[in-house]
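The structure appears right after this line, and notes come after that.
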Amino acid sequence: MAQSKKLIVGNWKMNGSAQSNFHLMAELLRTDLRAEVCDTAVCVPFVYLQQVKTQINEANPGDLARSDALIALGSQDVSAHESGAYTGEISVSMLKEFGVSYVIVGHSERRQFHHESDQLVAIKAQRALAAGLTPIVCVGETKEERESGMTEAVVKRQLAAVIHLNGHCISEIVLAYEPVWAIGTGLTASPEQAQEVHSVLRAQLVAAGGEGAKKIRILYGGSMNPKNAKALLSQEDIDGGLIGGASLKAVDFLSIISAV
Ligand code: 13P
């Protein structure tokens with residue numbers, strides 16, 4: 001168990017429109033988000049950051065980066081470069097200036113479709129940490145890797161790259177275990193399967209980062225929904241959720257938050 005406060009993050013992926021975002025955020029912001037027991041964030045497509053920020057600010061006037069902001073803002077990726085001739089990229093300093101708190105790095109969809117390596121993911125995490133953003137580092141095995149008994153080796157290799165580059169700063173990350181076979185498939189890791197991997201990851205973090213690493217939040221992601229959230233979130237080493245599909249429906253996302 002990391003901190004007493006869990007963290008529930010919505011990853012909208014490449015979904016949304018100005019209209020649907022408005023309705024979704026209005027419903028979330030109208031509700032008691034149980035801020036005393038749970039931190040909440042949404043990772044939205046870059047072009048909608050401004051819209052969502054405005055809506056959050058209107059509901060909760062003040063500085064978005066405040067720890068008591070109702071819903072923190074996150075992006076789904078960031079450039080590994082600082083600045084310069086990298087057409088189409090967004091830098092950590094731009095995100096920081098904008099008021100973003102979290103940056104997802106190493107999501108399996110980026111590893112798979114954009115060929116992001118462990119090394120590249122580690123550099124992105126490093127850039128985020130240096131800018132004062134919290135990287136949500138994703139690790140997870142494919143179906144084939146699980147079936148051939150490689151789950152532990154794969155997630156440890158992915159995390160080791162991030163630890164290697166980030167040293168003692170490692171306690172500032174959020175880690176997300178997302179088994180690739182459970183993403184968007186309706187298949188979920190059982191609470192026991194998830195806990196088993198989370199405890200391996202926790203041990204690796206503590207071995208690298210000492211006592212400070214005990215407080216790192218390790219989220220589970222992969223078809224988390226209102227039905228399975230409670231059982232997953234009550235596991236010893238599951239400190240929150242990274243929610244895809246169910247974060248697009250206010251009623252589902254809210255019911256996952258109330259499962260905390
Ligand atoms: P789903 O919740 O849609 O399975 O997606 C999980 C995920 O990839 C979150 O980053």
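Ordered as shown in the structure tokens, chains take letters A, B, and onward, while each chain numbers its residues from 1 and ligands are numbered from 1 in the order shown.
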*Residue list (strand (DSSP E), DSSP) for stretch 28-248 of chain A, as a ChimeraX atom specification*: /A:38-43,72-75,102-105,134-139,174-177,217-220,240-243
_as a ChimeraX atom specification, please: every protein or nucleic acid residue near ligand 1 (cut-off 10 Å, counting only C-alpha atoms and all ligand atoms)._
/A:9-13,43,76,104,106-109,136,138,176-188,219-225,241-248
*Give me the residues within 10 Å of A:Val92 as number ranges by chain, counting only C-alpha atoms and dropping any in the same chain fewer than 5 places off.*
A: 77-83, 97-98, 100, 103, 124-125, 127-133
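For the set A:Val174, A:Leu232, A:Val197, A:Ala153, the residue with the smallest atom-to-atom gap to A:Lys215 is A:Val174, counting only C-alpha atoms.
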*Which polymer residues have any atom within 9 Å of an atom of A:Leu49, counting only C-alpha atoms, with same-chain residues fewer than 3 positions away left out, as a PyMOL selection string?*
chain A and resi 43-46+52-54+73-75+98+100
*With a distance cut-off of 10 Å and only C-alpha atoms, select the neighbouring residues of A:Arg217, excluding the residue or stretch itself and same-chain residues fewer than 6 positions from it, and output the selection as a PyMOL selection string.*
chain A and resi 1-7+136+171-176+202+237-241
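Distance check against A:Leu165 using only C-alpha atoms: of A:Ala203, A:Asp118, A:Pro191, A:Gly140, the minimum falls on A:Asp118.
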*helix (DSSP H, G or I) call set, DSSP backbone run, stretch 20-132 of chain A, as a PyMOL selection string*: chain A and resi 20-30+46-59+92-98+108-113+118-130
*Could you give me, as a VMD selection string, the residues within 12 Å of A:His168, counting only C-alpha atoms and dropping anything in the same chain fewer than 5 positions from it?*
chain A and resid 126 129 162 to 163 173 205 to 213
